[in-house]
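Presented below is the structure to which this report refers.
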Amino acid sequence: LQEKLAKPLSDIINGPILELDPSRIGDQSHSVEQNADALKHAVLAVMNAVFDWQGAITLAKLKAKKSDAETSSSIEIYLPSEIRQVSTILWDAIKDRFPNSRRIVTAGFVFLRYIVPAVTAPDGFGIVDCKVSTKGRRNLVLVSKVVQNMANGVPFGQKEPYMQPMNEFVSGHLDAIGEFLDAC
């Protein structure tokens with residue numbers, strides 16, 4: 001995963017501003033809409049690094065909805081086997097009491113404890129070897145917020161209203177994220 005995340009995270013750190021909060025956008029040459037599009041591409045680049053549906057999850061193909069036949073059972077997951085084993089152990093421990101919670105448990109463990117920290121602080125995990133600027137860190141945080149909401153299947157609400165332009169994007173990828181979580 002470290003190797004796969006290095007390039008997309010470096011691109012996010014050194015790339016365009018992804019800010020959606022109008023009060024934080026100083027340079028008016030960047031619109032919220034442009035930044036939202038750039039943020040979507042950044043999130044897709046990170047998710048492509050984490051998993052691949054043999055080409056089904058790509059920047060171009062994610063724009064079109066895939067049928068079940070095109071995406072079923074063709075997932076390659078770039079997670080250490082130990083992470084997948086812990087995910088299975090967690091599920092085995094709670095499945096009798098909470099039979100409909102597999103995705104929630106898996107998302108909570110895999111994303112909240114493994115993927116999102118790596119995305120938010122790649123310099124702390126040796127994924128990138130550069131000093132992360134304030135702008136780069138904010139870009140990483142915004143990408144992490146979207147990734148975590150996708151994993152949780154939760155839209156952005158009143159707590160962060162400036163992130164609400166990402167809700168359609170988040171909901172449009174719930175099936176893909178669910179398939180990933182089911183495979184973990």
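The way I read the labels, and the way they are meant: chains A, B, ... in the order of the structure tokens, residue 1 as the first residue of every chain, and ligand 1 as the first ligand shown, with later ones counted on from there.
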
For Trp91 in chain A, work out the shell of residues within 12 Å, counting only C-alpha atoms and skipping chain neighbours fewer than 5 positions away, then give it as an NGL selection string.
-> :A and (84-86 or 96-109 or 181-182 or 184)

Can you pull out every residue within 8 Å of range 117-134 of chain A, counting only C-alpha atoms, but drop anything in the same chain fewer than 2 positions away, and send it as number ranges by chain?
-> A: 2-3, 5-6, 9-10, 13, 112-115, 136-138, 140-141, 143-144

Which neighbours of range 167-173 of chain A fall inside 8 Å, counting only C-alpha atoms, when residues of the same chain fewer than 4 positions from it are skipped, and could you give them as a VMD selection string?
-> chain A and resid 40 146 149 to 150 153 to 156 163 177

Write out the residues from the selection above, keeping C-alpha atoms, as an mmCIF file, in the first residue's frame.
data_model
loop_
_atom_site.group_PDB
_atom_site.id
_atom_site.type_symbol
_atom_site.label_atom_id
_atom_site.label_comp_id
_atom_site.auth_asym_id
_atom_site.auth_seq_id
_atom_site.Cartn_x
_atom_site.Cartn_y
_atom_site.Cartn_z
ATOM 1 C CA LYS A 40 -13.051 14.149 -6.753
ATOM 2 C CA VAL A 146 -14.330 12.265 1.576
ATOM 3 C CA ASN A 149 -17.546 9.437 4.430
ATOM 4 C CA MET A 150 -17.530 7.086 1.436
ATOM 5 C CA GLY A 153 -21.796 5.583 3.632
ATOM 6 C CA VAL A 154 -22.638 8.913 5.232
ATOM 7 C CA PRO A 155 -23.284 12.190 3.411
ATOM 8 C CA PHE A 156 -21.800 15.454 4.634
ATOM 9 C CA MET A 163 -18.406 19.665 2.002
ATOM 10 C CA ILE A 177 -16.930 0.869 -1.577
#

Between CA of Lys135 in chain A and CA of Gly15 in chain A, what is the distance, to one decimal in Å?
-> 9.4 Å

Select, from A:Lys159, A:Ser23, A:Ala45, A:Val32, the residue with the minimum atom-to-atom distance to Lys7 in chain A, counting only C-alpha atoms.
-> A:Ala45

Out of range 14-179 of chain A, which residues get alpha helix (DSSP H) from DSSP, as JSON, numbers by chain?
-> {"A": [14, 32, 33, 34, 35, 36, 37, 38, 39, 40, 41, 42, 43, 44, 45, 46, 47, 48, 49, 50, 68, 69, 70, 71, 81, 82, 83, 84, 85, 86, 87, 88, 89, 90, 91, 92, 93, 94, 102, 103, 104, 105, 106, 107, 108, 109, 110, 116, 117, 118, 119, 120, 134, 135, 136, 137, 138, 139, 140, 141, 142, 143, 144, 145, 146, 147, 148, 149, 150, 151, 152, 167, 168, 169, 170, 171, 172, 174, 175, 176, 177, 178, 179]}

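CA of Asn152 in chain A lies 21.8 Å from CA of Ala38 in chain A.
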
What is the CA of Asp37 in chain A-CA of Ala183 in chain A distance in Å, reported with one decimal?
->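 Straight-line distance from CA of Asp37 in chain A to CA of Ala183 in chain A works out to 28.5 Å.
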